[in-house]
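Below is upload_10.txt, holding compact mmCIF, C-alpha atoms.
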```txt
# COMPACT_ATOMS: atom_id res chain seq x y z
CA MET A 18 32.16 -16.56 -17.41
CA LYS A 19 30.62 -13.10 -17.66
CA THR A 20 27.91 -12.76 -20.28
CA TYR A 21 27.95 -8.96 -20.32
CA THR A 22 30.18 -5.88 -20.28
CA ILE A 23 29.32 -2.80 -18.25
CA THR A 24 29.95 0.25 -20.44
CA GLY A 25 28.95 3.03 -18.05
CA GLU A 26 26.94 4.11 -15.04
CA LYS A 27 25.68 7.33 -13.44
CA ASN A 28 23.69 8.43 -10.44
CA LEU A 29 20.30 9.97 -11.11
CA PRO A 30 18.04 12.16 -8.93
CA GLU A 31 15.72 10.60 -6.31
CA SER A 32 18.20 7.84 -5.40
CA GLU A 33 18.19 6.18 -8.82
CA MET A 34 21.13 4.75 -10.78
CA GLU A 35 21.51 4.05 -14.49
CA ILE A 36 23.77 1.21 -15.61
CA ASN A 37 24.65 0.75 -19.29
CA ALA A 38 25.81 -2.64 -20.56
CA GLU A 39 26.38 -4.75 -23.66
CA ILE A 40 25.99 -8.43 -24.52
CA SER A 41 27.74 -9.89 -27.55
CA TYR A 42 25.69 -11.23 -30.47
CA GLU A 43 27.31 -14.64 -29.96
CA ILE A 44 25.69 -14.85 -26.51
CA LEU A 45 22.39 -13.40 -27.75
CA ALA A 46 22.02 -15.68 -30.80
CA PRO A 47 21.31 -18.97 -28.92
CA HIS A 48 18.26 -17.33 -27.31
CA ARG A 49 16.77 -16.75 -30.76
CA THR A 50 15.42 -20.30 -31.02
CA ALA A 51 13.53 -20.05 -27.73
CA ALA A 52 12.20 -16.63 -28.77
CA ILE A 53 10.81 -18.05 -32.04
CA LYS A 54 9.11 -20.88 -30.15
CA LYS A 55 7.56 -18.47 -27.64
CA ILE A 56 6.31 -16.04 -30.30
CA SER A 57 4.98 -18.91 -32.42
CA GLY A 58 2.84 -20.08 -29.51
CA ASN A 59 1.35 -16.63 -28.97
CA ILE A 60 0.59 -15.52 -32.51
CA SER A 61 -2.17 -16.44 -34.93
CA ILE A 62 -1.45 -16.96 -38.62
CA PRO A 63 -4.17 -18.43 -40.88
CA GLY A 64 -3.40 -21.99 -41.93
CA PHE A 65 -1.08 -22.76 -39.03
CA ARG A 66 -1.67 -23.96 -35.46
CA PRO A 67 -0.11 -21.81 -32.69
CA GLY A 68 3.29 -23.24 -31.83
CA HIS A 69 3.67 -24.93 -35.22
CA ILE A 70 4.40 -21.97 -37.46
CA PRO A 71 7.46 -22.44 -39.72
CA GLU A 72 10.30 -20.04 -38.88
CA LYS A 73 10.39 -18.56 -42.39
CA ILE A 74 6.65 -17.77 -42.33
CA LEU A 75 6.94 -16.28 -38.84
CA ILE A 76 9.84 -14.00 -39.83
CA GLN A 77 7.89 -12.82 -42.88
CA LYS A 78 4.97 -11.97 -40.63
CA ILE A 79 6.70 -10.14 -37.74
CA GLY A 80 10.25 -9.41 -38.92
CA GLU A 81 13.65 -10.49 -37.63
CA LEU A 82 13.90 -7.52 -35.25
CA ALA A 83 10.85 -8.64 -33.26
CA VAL A 84 12.46 -12.06 -32.73
CA LEU A 85 15.75 -10.49 -31.68
CA GLU A 86 13.92 -8.20 -29.24
CA GLU A 87 12.23 -11.19 -27.56
CA ALA A 88 15.63 -12.94 -27.35
CA ALA A 89 17.24 -9.76 -26.03
CA TYR A 90 14.90 -9.42 -23.07
CA ALA A 91 15.42 -13.10 -22.26
CA VAL A 92 19.21 -12.79 -22.18
CA ILE A 93 19.03 -9.51 -20.23
CA GLU A 94 16.85 -11.24 -17.61
CA THR A 95 19.59 -13.83 -17.21
CA ALA A 96 22.36 -11.25 -16.91
CA LEU A 97 20.51 -8.81 -14.64
CA PRO A 98 21.15 -10.58 -11.28
CA GLU A 99 24.84 -10.88 -12.15
CA ILE A 100 25.11 -7.18 -13.00
CA LEU A 101 23.42 -6.10 -9.76
CA ALA A 102 25.58 -8.51 -7.77
CA GLU A 103 28.74 -7.14 -9.37
CA LYS A 104 27.75 -3.56 -8.53
CA LYS A 105 26.92 -4.65 -4.96
CA ILE A 106 23.82 -2.50 -4.78
CA SER A 107 20.61 -3.11 -2.89
CA ILE A 108 17.62 -2.06 -4.96
CA ILE A 109 14.01 -1.13 -4.23
CA GLY A 110 11.27 -2.22 -6.61
CA GLU A 111 11.70 -3.61 -10.11
CA PRO A 112 14.53 -2.49 -12.46
CA ARG A 113 13.50 -0.62 -15.61
CA VAL A 114 15.24 -2.02 -18.69
CA SER A 115 15.52 -0.28 -22.05
CA ILE A 116 17.18 -1.68 -25.20
CA THR A 117 19.32 1.04 -26.77
CA LYS A 118 20.88 -0.89 -29.68
CA LEU A 119 19.72 -4.08 -31.40
CA ALA A 120 20.77 -5.41 -34.82
CA VAL A 121 21.79 -8.71 -36.42
CA ASN A 122 25.46 -9.56 -35.85
CA ASN A 123 25.91 -6.60 -33.51
CA PRO A 124 26.25 -6.41 -29.73
CA LEU A 125 23.05 -5.85 -27.78
CA ALA A 126 23.22 -2.56 -25.85
CA PHE A 127 20.81 -1.76 -23.03
CA SER A 128 20.34 0.41 -19.96
CA ILE A 129 19.06 -0.50 -16.51
CA ILE A 130 17.56 2.08 -14.18
CA VAL A 131 17.18 0.99 -10.56
CA SER A 132 16.06 2.67 -7.36
CA VAL A 133 18.93 2.17 -4.93
CA THR A 134 18.47 1.73 -1.20
CA PRO A 135 19.81 5.09 0.00
CA GLU A 136 22.29 5.86 2.73
CA ILE A 137 20.44 6.74 5.91
CA LYS A 138 22.07 9.00 8.49
CA LEU A 139 20.15 8.17 11.64
CA PRO A 140 19.98 10.75 14.44
CA ASP A 141 20.09 9.85 18.15
CA TYR A 142 16.63 8.34 17.89
CA LYS A 143 16.72 6.97 21.44
CA LYS A 144 17.26 10.43 22.89
CA ILE A 145 14.61 11.94 20.60
CA ALA A 146 12.10 9.24 21.55
CA ALA A 147 12.89 9.67 25.25
CA THR A 148 12.25 13.41 24.96
CA GLU A 149 8.92 12.85 23.23
CA ALA A 150 7.93 10.06 25.61
CA GLY A 151 8.72 12.32 28.57
CA LYS A 152 6.29 14.99 27.43
CA LYS A 153 2.98 15.27 29.23
CA THR A 154 0.60 12.61 27.98
CA GLU A 155 -3.02 13.41 27.36
CA VAL A 156 -5.22 12.07 30.19
CA VAL A 157 -7.80 9.70 28.78
CA SER A 158 -11.24 9.97 30.34
CA VAL A 159 -14.82 9.48 29.20
CA SER A 160 -17.58 11.62 30.63
CA GLU A 161 -21.08 10.45 31.47
CA LYS A 162 -22.39 12.80 28.77
CA GLU A 163 -20.24 11.08 26.13
CA VAL A 164 -21.70 7.72 27.13
CA THR A 165 -25.23 9.14 27.08
CA ASP A 166 -24.70 10.80 23.70
CA PHE A 167 -23.38 7.56 22.23
CA ILE A 168 -26.35 5.59 23.56
CA ASP A 169 -28.77 8.23 22.24
CA ASN A 170 -27.21 7.89 18.79
CA VAL A 171 -27.75 4.13 18.97
CA ARG A 172 -31.38 4.68 19.96
CA LYS A 173 -31.85 7.17 17.11
CA SER A 174 -30.66 4.59 14.61
CA TYR A 175 -33.53 2.37 15.80
CA ALA A 176 -36.06 5.23 16.00
CA THR A 177 -39.58 4.96 14.58
CA GLN A 178 -40.42 7.97 12.41
CA THR A 179 -43.70 9.58 13.48
CA ALA A 180 -45.22 13.05 13.63
CA PRO A 181 -48.09 14.61 15.63
CA ASP A 182 -51.42 14.87 13.84
CA SER A 183 -51.41 18.64 14.40
CA GLU A 184 -48.33 18.88 12.13
CA ASN A 185 -49.69 16.25 9.78
CA GLY A 186 -52.79 18.23 9.00
CA GLY A 187 -54.74 15.02 8.47
CA LYS A 188 -52.48 13.87 5.64
CA ASP A 189 -51.37 10.31 5.24
CA LYS A 190 -48.12 9.71 7.13
CA ALA A 191 -46.44 8.36 4.00
CA THR A 192 -46.88 11.75 2.35
CA MET A 193 -45.72 13.86 5.31
CA ASP A 194 -42.94 16.35 4.82
CA GLU A 195 -39.67 14.49 5.41
CA THR A 196 -38.20 17.34 7.41
CA LYS A 197 -41.06 17.24 9.92
CA VAL A 198 -40.85 13.47 10.18
CA SER A 199 -37.14 13.52 10.93
CA LYS A 200 -37.68 16.11 13.65
CA ASN A 201 -40.03 13.86 15.57
CA PRO A 202 -38.51 10.41 15.87
CA THR A 203 -39.80 8.12 18.61
CA LEU A 204 -36.75 6.63 20.32
CA PRO A 205 -36.97 3.11 21.71
CA GLU A 206 -36.83 2.88 25.50
CA LEU A 207 -33.51 1.87 27.00
CA THR A 208 -34.56 -1.43 28.53
CA ASP A 209 -32.90 -4.76 29.19
CA ASP A 210 -34.83 -6.31 26.28
CA PHE A 211 -33.69 -3.55 23.91
CA VAL A 212 -29.96 -3.83 24.72
CA LYS A 213 -30.07 -7.63 24.50
CA LYS A 214 -31.18 -7.22 20.87
CA LEU A 215 -28.10 -5.10 20.20
CA GLY A 216 -25.52 -7.70 21.23
CA ASP A 217 -24.12 -9.77 24.05
CA PHE A 218 -25.37 -7.55 26.88
CA LYS A 219 -26.93 -8.84 30.13
CA ASN A 220 -28.87 -5.69 30.97
CA VAL A 221 -28.81 -1.90 30.69
CA SER A 222 -26.10 -1.58 33.34
CA ASP A 223 -23.86 -4.06 31.51
CA PHE A 224 -24.53 -2.23 28.22
CA LYS A 225 -23.50 1.13 29.69
CA MET A 226 -20.37 -0.37 31.25
CA LYS A 227 -19.24 -1.91 27.94
CA ILE A 228 -19.96 1.29 26.05
CA LEU A 229 -17.80 3.15 28.60
CA GLU A 230 -14.98 0.61 28.16
CA ASN A 231 -15.17 0.79 24.36
CA LEU A 232 -15.05 4.60 24.36
CA GLN A 233 -12.08 4.51 26.74
CA GLN A 234 -10.25 2.04 24.48
CA GLU A 235 -10.96 4.19 21.44
CA LYS A 236 -9.58 7.29 23.18
CA LYS A 237 -6.51 5.39 24.40
CA HIS A 238 -5.86 4.18 20.86
CA LYS A 239 -6.15 7.72 19.48
CA ALA A 240 -3.83 9.03 22.21
CA LEU A 241 -1.30 6.29 21.39
CA GLU A 242 -1.44 7.08 17.68
CA LYS A 243 -0.98 10.79 18.42
CA LYS A 244 2.08 10.07 20.60
CA ARG A 245 3.53 7.76 17.96
CA LEU A 246 3.02 10.39 15.30
CA GLU A 247 4.91 12.91 17.45
CA ILE A 248 7.80 10.46 17.95
CA ALA A 249 7.90 9.64 14.22
CA GLU A 250 7.81 13.30 13.18
CA ALA A 251 10.60 14.15 15.63
CA VAL A 252 12.87 11.31 14.43
CA LEU A 253 12.18 11.91 10.72
CA SER A 254 12.85 15.64 11.01
CA LYS A 255 16.40 14.86 12.20
CA THR A 256 17.09 12.08 9.66
CA GLU A 257 19.00 12.67 6.43
CA VAL A 258 17.86 10.42 3.59
CA THR A 259 16.75 10.70 -0.02
CA VAL A 260 13.57 8.71 -0.53
CA PRO A 261 13.83 6.65 -3.75
CA LYS A 262 11.36 7.44 -6.51
CA ALA A 263 10.24 3.79 -6.65
CA LEU A 264 9.29 3.84 -2.98
CA ILE A 265 7.30 7.07 -3.38
CA GLU A 266 5.49 5.65 -6.41
CA SER A 267 4.76 2.44 -4.48
CA GLU A 268 3.17 4.43 -1.65
CA ILE A 269 1.11 6.49 -4.10
CA ALA A 270 -0.09 3.26 -5.73
CA LYS A 271 -1.25 1.94 -2.34
CA MET A 272 -3.05 5.21 -1.59
CA LEU A 273 -4.76 5.15 -5.00
CA ALA A 274 -5.86 1.54 -4.51
CA ARG A 275 -7.50 2.46 -1.19
CA PHE A 276 -9.04 5.54 -2.84
CA HIS A 277 -10.57 3.42 -5.61
CA ASP A 278 -11.92 0.92 -3.05
CA ASP A 279 -13.46 3.69 -0.92
CA ILE A 280 -15.17 5.34 -3.89
CA THR A 281 -16.48 1.98 -5.15
CA ARG A 282 -17.88 1.12 -1.71
CA MET A 283 -19.76 4.43 -1.80
CA GLY A 284 -21.48 3.19 -4.94
CA MET A 285 -19.75 5.70 -7.22
CA LYS A 286 -17.50 5.42 -10.24
CA VAL A 287 -14.03 6.89 -9.80
CA GLU A 288 -14.28 8.83 -13.06
CA ASP A 289 -17.60 10.36 -11.93
CA TYR A 290 -16.13 11.37 -8.58
CA LEU A 291 -13.10 12.98 -10.23
CA LYS A 292 -15.36 14.87 -12.61
CA HIS A 293 -17.42 16.09 -9.63
CA VAL A 294 -14.36 17.43 -7.76
CA LYS A 295 -12.89 18.75 -11.05
CA LYS A 296 -9.61 16.85 -10.73
CA THR A 297 -7.70 14.22 -12.67
CA GLU A 298 -6.00 11.20 -11.16
CA GLU A 299 -2.70 12.89 -11.98
CA ASP A 300 -3.79 15.92 -9.90
CA ILE A 301 -4.44 13.59 -6.96
CA ARG A 302 -1.09 11.85 -7.41
CA LYS A 303 0.67 15.24 -7.21
CA GLU A 304 -1.32 16.25 -4.11
CA TRP A 305 -0.51 12.98 -2.37
CA ARG A 306 3.17 12.89 -3.28
CA PRO A 307 4.43 14.75 -0.14
CA ASP A 308 2.49 12.37 2.10
CA ALA A 309 3.71 9.37 0.09
CA GLU A 310 7.29 10.60 0.44
CA LYS A 311 6.85 10.91 4.21
CA ARG A 312 5.45 7.37 4.41
CA GLY A 313 8.36 6.07 2.35
CA LYS A 314 10.83 7.89 4.58
CA LEU A 315 9.21 6.42 7.69
CA GLN A 316 9.53 2.92 6.27
CA LEU A 317 13.21 3.41 5.40
CA VAL A 318 14.06 4.87 8.82
CA TRP A 319 12.08 2.30 10.81
CA SER A 320 13.71 -0.52 8.81
CA ALA A 321 17.14 0.96 9.52
CA ILE A 322 16.39 1.20 13.25
CA ALA A 323 15.05 -2.37 13.27
CA GLU A 324 18.25 -3.60 11.59
CA LYS A 325 20.53 -1.65 13.92
CA GLU A 326 18.69 -2.73 17.08
CA LYS A 327 18.11 -6.28 15.78
CA ILE A 328 14.35 -5.85 16.18
CA THR A 329 12.23 -8.43 14.38
CA ALA A 330 8.81 -10.02 14.74
CA THR A 331 8.68 -13.73 15.53
CA GLU A 332 7.96 -16.19 12.74
CA GLN A 333 4.99 -17.47 14.74
CA ALA A 334 3.41 -14.02 14.92
CA ILE A 335 3.99 -13.48 11.19
CA ASP A 336 2.56 -16.91 10.31
CA GLU A 337 -0.58 -16.28 12.35
CA GLU A 338 -1.27 -12.90 10.72
CA VAL A 339 -0.57 -14.21 7.21
CA LYS A 340 -2.95 -17.12 7.84
CA HIS A 341 -5.62 -14.66 9.00
CA ILE A 342 -5.24 -12.54 5.84
CA LEU A 343 -5.36 -15.52 3.48
CA GLU A 344 -8.46 -16.89 5.24
CA HIS A 345 -10.31 -13.63 4.60
CA HIS A 346 -8.73 -12.80 1.22
CA ALA A 347 -8.35 -16.03 -0.72
CA ASP A 348 -7.04 -14.22 -3.82
CA ALA A 349 -4.19 -12.52 -1.93
CA ASP A 350 -0.61 -13.30 -2.98
CA PRO A 351 0.95 -15.22 -0.03
CA ALA A 352 4.43 -13.76 -0.67
CA ARG A 353 3.14 -10.18 -0.78
CA ALA A 354 0.95 -10.80 2.26
CA ARG A 355 3.96 -12.10 4.20
CA ALA A 356 6.13 -9.14 3.20
CA TYR A 357 3.40 -6.71 4.23
CA ILE A 358 2.75 -8.41 7.58
CA THR A 359 6.47 -8.65 8.34
CA MET A 360 6.85 -4.92 7.67
CA MET A 361 3.83 -3.99 9.81
CA LEU A 362 4.82 -6.16 12.77
CA ASN A 363 8.42 -4.95 12.64
CA ASN A 364 7.19 -1.34 12.56
CA GLU A 365 5.02 -2.03 15.60
CA LYS A 366 8.03 -3.41 17.47
CA VAL A 367 10.13 -0.37 16.54
CA PHE A 368 7.42 1.91 17.92
CA GLU A 369 7.31 -0.14 21.13
CA PHE A 370 11.10 0.08 21.38
CA LEU A 371 11.09 3.87 20.96
CA GLU A 372 8.20 4.28 23.41
CA SER A 373 10.20 2.39 26.02
CA GLN A 374 12.99 5.00 25.95
CA LYS A 375 12.46 6.97 29.17
```

Using structure tokens, write down the structure that the file contains.
Amino acid sequence: MKTYTITGEKNLPESEMEINAEISYEILAPHRTAAIKKISGNISIPGFRPGHIPEKILIQKIGELAVLEEAAYAVIETALPEILAEKKISIIGEPRVSITKLAVNNPLAFSIIVSVTPEIKLPDYKKIAATEAGKKTEVVSVSEKEVTDFIDNVRKSYATQTAPDSENGGKDKATMDETKVSKNPTLPELTDDFVKKLGDFKNVSDFKMKILENLQQEKKHKALEKKRLEIAEAVLSKTEVTVPKALIESEIAKMLARFHDDITRMGMKVEDYLKHVKKTEEDIRKEWRPDAEKRGKLQLVWSAIAEKEKITATEQAIDEEVKHILEHHADADPARARAYITMMLNNEKVFEFLESQK
């Protein structure tokens, strides 16, 4: 038996939909008792223990409408899955519910706004990827100078600050001009003993070889990321899709979280940083919106390609990565961690699939 009646619906901008519905007072009324019990346990009234407040006293304190509102949201939560199932829509993010009419002995009227998974018109992504993959790839090489410069930077980080007496003028070294000190660092000699202190290196030759390998790997990774960005840009530019507002807001929220973490790690307060750059958080949200929209679009398109090509990461791979995250972040939500890892691994497989198109 249906507990609701849909009274209207309309499409909104940014891939959102509004659904209007009603629930009769006869269906709402039984939820009133549970609402009173819940409110009673969360409110403080002198002379009564929480959870043991007489109904009459509670109504006098908060009013009948507050009880009905609590009951209304409870009954809407029950009806919501049925409404979405009836409309046969796939949504992104959490629905936004607003009560539009609420009174004793009257139907409950409410609206639901949801971000709908949009229609995605995929281009010939295999052909596009093959074209991008066929373009000349940057040759990865590391020069001897790059290795030497890297090693010199390592040595500088272990330098002893000294200055010649002629520049010191007989002054105590602790009071020397900092500029002069920094210009005359004494670098440690590149010896077997020195490199062994830096890590698992057998000797200077082994150290240089591993530095070379690390620099090569770093350049290969950057070249791969550049190629992937070119493939992604090419596919996205030919794809027709409206990115839902909820997905854009979700990406902005992730970017802001990383921004807050970065500022905090720098030992600054976010509000102080914003004051320094003369911007508000809303200014930053607006600046980041185009990038957030692009990220959301990439996720939609890559998910569509994964579904069409039946590309999916193995459960074993997902389990291993989730375990790794939870070991290092004990407060992480396992369900969210799994969803994130599944998305990342699937995206990786889509990239590999597109890169294989020759």

Please return, as a PyMOL selection string, all polymer residues that have at least one atom within 9 Å of the point (13.8, -5.1, 11.9); use only C-alpha atoms and the file's own coordinate frame. chain A and resi 319-330+359-360+363-364+366-367

Closest to A:Val318 among A:Ser254, A:Asn170, A:Asn37, A:Thr331, using all atoms listed in the file?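 Going through A:Ser254, A:Asn170, A:Asn37, A:Thr331 one by one, the smallest distance to A:Val318 is for A:Ser254.
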
Do a neighbour search on A:Lys236 at 9 Å with all atoms listed in the file, toss out local chain neighbours closer than 6 positions, and write the hits as a list of chain:residue names. A:Val157, A:Ser158, A:Val159

Each side padded by 4 Å, which centre and which edge lengths in Å (one decimal) define the axis-aligned box around the listed atoms of stretch 29-34 of chain A? Give them as lines of an AutoDock Vina configuration file.
```
center_x = 18.4
center_y = 8.5
center_z = -8.3
size_x = 13.4
size_y = 15.4
size_z = 13.7
```

Taking into account all atoms listed in the file, which residue in the set A:Pro261, A:Gly25, A:Gly68, A:Pro205 is nearest to A:Val131?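 Nearest candidate to A:Val131 out of A:Pro261, A:Gly25, A:Gly68, A:Pro205: A:Pro261.
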
Excluding same-chain residues fewer than 6 positions from stretch 81-91 of chain A, what lies within 7 Å of it counting only C-alpha atoms, as a list in words?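 My list of contacting residues is Leu45, His48, Arg49, Ala52 and Ile53 of chain A.
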
Interatomic distance (Å, one decimal) between atom CA of A:Thr134 and atom CA of A:Trp305: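 Between atom CA of A:Thr134 and atom CA of A:Trp305 the gap works out to 22.1 Å.
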
For A:Val164, which residue out of A:Ile137, A:Leu229, A:Val212, A:Ala150 is the nearest one, using only C-alpha atoms? A:Leu229

Mind checking which residues fall within 10 Å of A:Glu266, counting only C-alpha atoms, ignoring those fewer than 3 positions away in the same chain, and posting them as a PyMOL selection string? chain A and resi 110+261-263+269-272+302+306+309-310+313

The residue from A:Glu372, A:Glu268, A:Glu163, A:Asp141 with the smallest atom-to-atom distance to A:Gln316, counting only C-alpha atoms, is A:Glu268

Just checking: using only C-alpha atoms, which residue out of A:His238, A:Lys314, A:Lys54, A:Arg275 ends up closest to A:Lys138? A:Lys314

Residues near A:Thr117, anyone? I mean within 7 Å using all atoms listed in the file, not counting same-chain ones fewer than 4 positions away, as a PyMOL selection string. chain A and resi 126-128

Go ahead and save the picked residues with C-alpha atoms, as a PDB file, in the frame of the given file.
```
ATOM      1  CA  ALA A 126      23.220  -2.560 -25.850  1.00  0.00           C
ATOM      2  CA  PHE A 127      20.810  -1.760 -23.030  1.00  0.00           C
ATOM      3  CA  SER A 128      20.340   0.410 -19.960  1.00  0.00           C
TER       4      SER A 128
END
```

For atom CA of A:Val121 and atom CA of A:Gly80, determine how far apart the two atoms are, in Å to one decimal place. 11.8 Å

Length of the atom CA of A:Leu264 to atom CA of A:Ile23 vector [Å]: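 Atom CA of A:Ile23 lies 26.0 Å from atom CA of A:Leu264.
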
Leaving out stretch 220-227 of chain A and any residue of its chain fewer than 2 positions from it, which residues lie within 9 Å of it when counting only C-alpha atoms, given as number ranges by chain? A: 164-165, 168, 207-213, 216-218, 229-232

Taking into account all atoms listed in the file, which residue in the set A:Val92, A:Ala176, A:Ala251, A:Met34 is nearest to A:Ile129?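 Of all the options, A:Met34 lies closest to A:Ile129.
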
Fill-in result for stretch 268-288 of chain A, N, CA and C atoms as a PDB file, in the frame of the given file:
```
ATOM      1  N   GLU A 268       4.095   3.909  -2.650  1.00  0.00           N
ATOM      2  CA  GLU A 268       3.170   4.430  -1.650  1.00  0.00           C
ATOM      3  C   GLU A 268       1.965   5.109  -2.299  1.00  0.00           C
ATOM      4  N   ILE A 269       2.216   5.851  -3.378  1.00  0.00           N
ATOM      5  CA  ILE A 269       1.110   6.490  -4.100  1.00  0.00           C
ATOM      6  C   ILE A 269       0.165   5.434  -4.666  1.00  0.00           C
ATOM      7  N   ALA A 270       0.732   4.341  -5.182  1.00  0.00           N
ATOM      8  CA  ALA A 270      -0.090   3.260  -5.730  1.00  0.00           C
ATOM      9  C   ALA A 270      -0.990   2.652  -4.655  1.00  0.00           C
ATOM     10  N   LYS A 271      -0.445   2.479  -3.446  1.00  0.00           N
ATOM     11  CA  LYS A 271      -1.250   1.940  -2.340  1.00  0.00           C
ATOM     12  C   LYS A 271      -2.378   2.912  -1.984  1.00  0.00           C
ATOM     13  N   MET A 272      -2.059   4.202  -1.933  1.00  0.00           N
ATOM     14  CA  MET A 272      -3.050   5.210  -1.590  1.00  0.00           C
ATOM     15  C   MET A 272      -4.157   5.262  -2.648  1.00  0.00           C
ATOM     16  N   LEU A 273      -3.776   5.137  -3.923  1.00  0.00           N
ATOM     17  CA  LEU A 273      -4.760   5.150  -5.000  1.00  0.00           C
ATOM     18  C   LEU A 273      -5.660   3.915  -4.954  1.00  0.00           C
ATOM     19  N   ALA A 274      -5.066   2.779  -4.610  1.00  0.00           N
ATOM     20  CA  ALA A 274      -5.860   1.540  -4.510  1.00  0.00           C
ATOM     21  C   ALA A 274      -6.927   1.679  -3.430  1.00  0.00           C
ATOM     22  N   ARG A 275      -6.524   2.246  -2.272  1.00  0.00           N
ATOM     23  CA  ARG A 275      -7.500   2.460  -1.190  1.00  0.00           C
ATOM     24  C   ARG A 275      -8.559   3.475  -1.621  1.00  0.00           C
ATOM     25  N   PHE A 276      -8.126   4.517  -2.347  1.00  0.00           N
ATOM     26  CA  PHE A 276      -9.040   5.540  -2.840  1.00  0.00           C
ATOM     27  C   PHE A 276     -10.091   4.928  -3.759  1.00  0.00           C
ATOM     28  N   HIS A 277      -9.654   4.081  -4.683  1.00  0.00           N
ATOM     29  CA  HIS A 277     -10.570   3.420  -5.610  1.00  0.00           C
ATOM     30  C   HIS A 277     -11.556   2.530  -4.847  1.00  0.00           C
ATOM     31  N   ASP A 278     -11.054   1.792  -3.851  1.00  0.00           N
ATOM     32  CA  ASP A 278     -11.920   0.920  -3.050  1.00  0.00           C
ATOM     33  C   ASP A 278     -12.971   1.732  -2.294  1.00  0.00           C
ATOM     34  N   ASP A 279     -12.545   2.849  -1.700  1.00  0.00           N
ATOM     35  CA  ASP A 279     -13.460   3.690  -0.920  1.00  0.00           C
ATOM     36  C   ASP A 279     -14.565   4.264  -1.816  1.00  0.00           C
ATOM     37  N   ILE A 280     -14.186   4.749  -2.978  1.00  0.00           N
ATOM     38  CA  ILE A 280     -15.170   5.340  -3.890  1.00  0.00           C
ATOM     39  C   ILE A 280     -16.149   4.267  -4.378  1.00  0.00           C
ATOM     40  N   THR A 281     -15.628   3.086  -4.677  1.00  0.00           N
ATOM     41  CA  THR A 281     -16.480   1.980  -5.150  1.00  0.00           C
ATOM     42  C   THR A 281     -17.468   1.560  -4.072  1.00  0.00           C
ATOM     43  N   ARG A 282     -16.988   1.502  -2.821  1.00  0.00           N
ATOM     44  CA  ARG A 282     -17.880   1.120  -1.710  1.00  0.00           C
ATOM     45  C   ARG A 282     -18.997   2.146  -1.519  1.00  0.00           C
ATOM     46  N   MET A 283     -18.743   3.383  -1.895  1.00  0.00           N
ATOM     47  CA  MET A 283     -19.760   4.430  -1.800  1.00  0.00           C
ATOM     48  C   MET A 283     -20.777   4.332  -2.930  1.00  0.00           C
ATOM     49  N   GLY A 284     -20.553   3.378  -3.828  1.00  0.00           N
ATOM     50  CA  GLY A 284     -21.480   3.190  -4.940  1.00  0.00           C
ATOM     51  C   GLY A 284     -21.255   4.156  -6.087  1.00  0.00           C
ATOM     52  N   MET A 285     -20.058   4.746  -6.151  1.00  0.00           N
ATOM     53  CA  MET A 285     -19.750   5.700  -7.220  1.00  0.00           C
ATOM     54  C   MET A 285     -18.671   5.142  -8.136  1.00  0.00           C
ATOM     55  N   LYS A 286     -18.596   5.727  -9.327  1.00  0.00           N
ATOM     56  CA  LYS A 286     -17.500   5.420 -10.240  1.00  0.00           C
ATOM     57  C   LYS A 286     -16.401   6.451 -10.020  1.00  0.00           C
ATOM     58  N   VAL A 287     -15.161   5.988 -10.058  1.00  0.00           N
ATOM     59  CA  VAL A 287     -14.030   6.890  -9.800  1.00  0.00           C
ATOM     60  C   VAL A 287     -14.031   8.057 -10.785  1.00  0.00           C
ATOM     61  N   GLU A 288     -14.292   7.763 -12.070  1.00  0.00           N
ATOM     62  CA  GLU A 288     -14.280   8.830 -13.060  1.00  0.00           C
ATOM     63  C   GLU A 288     -15.367   9.881 -12.788  1.00  0.00           C
TER      64      GLU A 288
END
```
